[in-house]
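Undergrad: The structure that follows is given in the form of structure tokens.
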Amino acid sequence: MELVKIKFIDFGGGFEPYQSEGQIVRKEGKWPSYSITKTSKIEAYAKDIGEAIKKHLDPIVSVVYFAEPGRYICNSAMHIVLSVSDVKDDKNCILDGGVNMVGWQRFEFEYFPLINMTHRGDLERKVNMWGNLCATWDVWGYHVYGGELLQGDVIVVPNQGALTYSLAQSFINEIPKVYKL
């Protein structure tokens, strides 16, 4: 029987600890909005996984389980820093990096906050934050926290973790360097 050959099961990742990420929501004729992903506390998340293992896996396999709570531990360890290359108008801005840095069209469908560190503010403005790959799908987001957007402003995409960067690919632009702070 094949189940006897299984020695371990490795699971984990994906837990979003900050409740700041979400999904882009599109409605015809409206500016893209988003809904934030709601997550349980990690203790409840772990309890649910343990119960699922007992119910579904323990009856059929005898294995060692390995958990990888990587995002929970290191998500805050990696941020993307971009700058504004050009402000086209009050609704369109081009940044100095493309989404090849994060695994392509991820930001077209997933929401992550963008923060203008140069002109900070608590309000989130509707602005298309385009990358510099000259492709329609090269979008960092449709909103940015902060005030006025000017060429040279520093934009931070916080809490991206190491796995986002691991999906980066050279396409028009090289994969950017990582700096340890």
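Residue numbering restarts at 1 in every chain; chains get A, B, ... in the order shown in the structure tokens, and ligands count up from 1 in that same order.
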Check the DSSP output for the backbone and give back, as a PDB file with C-alpha atoms, in the first residue's frame, the residues of chain A in helix (DSSP H, G or I).

TA:
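What follows is the written file out02.pdb:
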ATOM      1  CA  GLU A   2       1.354   3.432  -1.006  1.00  0.00           C
ATOM      2  CA  LEU A   3       0.278   5.185   2.227  1.00  0.00           C
ATOM      3  CA  VAL A   4       2.877   3.235   4.206  1.00  0.00           C
ATOM      4  CA  LYS A   5       5.640   4.871   2.153  1.00  0.00           C
ATOM      5  CA  ILE A  42      -2.843  31.938  15.003  1.00  0.00           C
ATOM      6  CA  GLU A  43      -3.825  29.779  17.990  1.00  0.00           C
ATOM      7  CA  ALA A  44      -7.289  29.153  16.498  1.00  0.00           C
ATOM      8  CA  TYR A  45      -5.749  28.540  13.077  1.00  0.00           C
ATOM      9  CA  ALA A  46      -3.357  25.942  14.571  1.00  0.00           C
ATOM     10  CA  LYS A  47      -6.177  24.304  16.544  1.00  0.00           C
ATOM     11  CA  ASP A  48      -8.272  23.924  13.371  1.00  0.00           C
ATOM     12  CA  ILE A  49      -5.328  22.383  11.518  1.00  0.00           C
ATOM     13  CA  GLY A  50      -4.725  19.956  14.407  1.00  0.00           C
ATOM     14  CA  GLU A  51      -8.371  18.895  14.424  1.00  0.00           C
ATOM     15  CA  ALA A  52      -8.340  18.381  10.648  1.00  0.00           C
ATOM     16  CA  ILE A  53      -5.211  16.222  10.935  1.00  0.00           C
ATOM     17  CA  LYS A  54      -6.806  14.069  13.650  1.00  0.00           C
ATOM     18  CA  LYS A  55     -10.007  13.653  11.667  1.00  0.00           C
ATOM     19  CA  HIS A  56      -8.706  13.203   8.109  1.00  0.00           C
ATOM     20  CA  LEU A  57      -5.049  12.114   8.188  1.00  0.00           C
ATOM     21  CA  GLY A  70       7.048  31.087   7.763  1.00  0.00           C
ATOM     22  CA  ARG A  71       4.864  34.052   6.904  1.00  0.00           C
ATOM     23  CA  TYR A  72       3.835  34.455  10.517  1.00  0.00           C
ATOM     24  CA  ILE A  73       7.462  34.705  11.546  1.00  0.00           C
ATOM     25  CA  CYS A  74       9.160  36.460   8.626  1.00  0.00           C
ATOM     26  CA  ASN A  75       6.440  38.345   6.711  1.00  0.00           C
ATOM     27  CA  SER A  76       7.469  41.608   8.375  1.00  0.00           C
ATOM     28  CA  ALA A  77      11.108  40.978   7.472  1.00  0.00           C
ATOM     29  CA  VAL A  99       5.753  43.504 -10.910  1.00  0.00           C
ATOM     30  CA  ASN A 100       8.332  41.075 -12.252  1.00  0.00           C
ATOM     31  CA  MET A 101       9.764  41.687  -8.751  1.00  0.00           C
ATOM     32  CA  ARG A 106      -0.216  39.273  -8.288  1.00  0.00           C
ATOM     33  CA  PHE A 107      -1.006  42.909  -7.416  1.00  0.00           C
ATOM     34  CA  GLU A 108      -3.618  43.126 -10.168  1.00  0.00           C
ATOM     35  CA  PHE A 109      -5.770  40.675  -8.193  1.00  0.00           C
ATOM     36  CA  GLY A 161       8.107  38.294   3.234  1.00  0.00           C
ATOM     37  CA  ALA A 162      10.843  36.361   1.486  1.00  0.00           C
ATOM     38  CA  LEU A 163       8.501  34.170  -0.565  1.00  0.00           C
ATOM     39  CA  THR A 164       7.143  37.070  -2.609  1.00  0.00           C
ATOM     40  CA  TYR A 165      10.672  37.993  -3.666  1.00  0.00           C
ATOM     41  CA  SER A 166      11.469  34.347  -4.447  1.00  0.00           C
TER      42      SER A 166
END

Undergrad: List the spatial neighbours of Met117 (chain A) as an MDAnalysis selection string - criterion: any atom at most 10 Å away, only C-alpha atoms, same-chain residues fewer than 2 positions off excluded.

TA: chainID A and resid 81 83 114:115 119:121 145:147 153:156

Undergrad: What is the distance between CA of Phe171 (chain A) and CA of Ser85 (chain A), in Å to one decimal?

TA: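 Separation between CA of Phe171 (chain A) and CA of Ser85 (chain A): 18.5 Å.
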
Undergrad: Give me the residues within 12 Å of Thr136 (chain A) as a PyMOL selection string, counting only C-alpha atoms and dropping any in the same chain fewer than 6 places off.

TA: chain A and resi 98-99+104-105+108+128-130

Undergrad: Would you mind exporting C-alpha atoms of the selected residues as a PDB file, in the first residue's frame?

TA:
ATOM      1  CA  GLY A  98       7.810  46.364 -12.243  1.00  0.00           C
ATOM      2  CA  VAL A  99       5.753  43.504 -10.910  1.00  0.00           C
ATOM      3  CA  TRP A 104       3.882  39.013 -12.179  1.00  0.00           C
ATOM      4  CA  GLN A 105       0.212  39.977 -11.973  1.00  0.00           C
ATOM      5  CA  GLU A 108      -3.618  43.126 -10.168  1.00  0.00           C
ATOM      6  CA  ASN A 128      -3.356  53.650 -10.385  1.00  0.00           C
ATOM      7  CA  MET A 129       0.157  52.804  -9.250  1.00  0.00           C
ATOM      8  CA  TRP A 130       1.728  51.424 -12.449  1.00  0.00           C
TER       9      TRP A 130
END

Undergrad: Using only C-alpha atoms, pick whichever of A:Ser62, A:Ser33, A:Gly152, A:Gly12 has the shortest atom-to-atom distance to Asp96 (chain A).

TA: A:Gly152

Undergrad: Which of these, A:Tyr111, A:Glu174, A:Lys7, A:Arg125, has the shortest distance to Arg26 (chain A) once you count only C-alpha atoms?

TA: A:Tyr111

Undergrad: Taking the DSSP assignment computed from this structure's backbone, write out as an MDAnalysis selection string all residues of region 13-53 of chain A that belong to strand (DSSP E or B).

TA: chainID A and resid 22:25 33:36

Undergrad: Which one of A:Pro158, A:Lys88, A:Pro59, A:Gly131 sits closest to Tyr18 (chain A) if you count only C-alpha atoms?

TA: A:Pro158
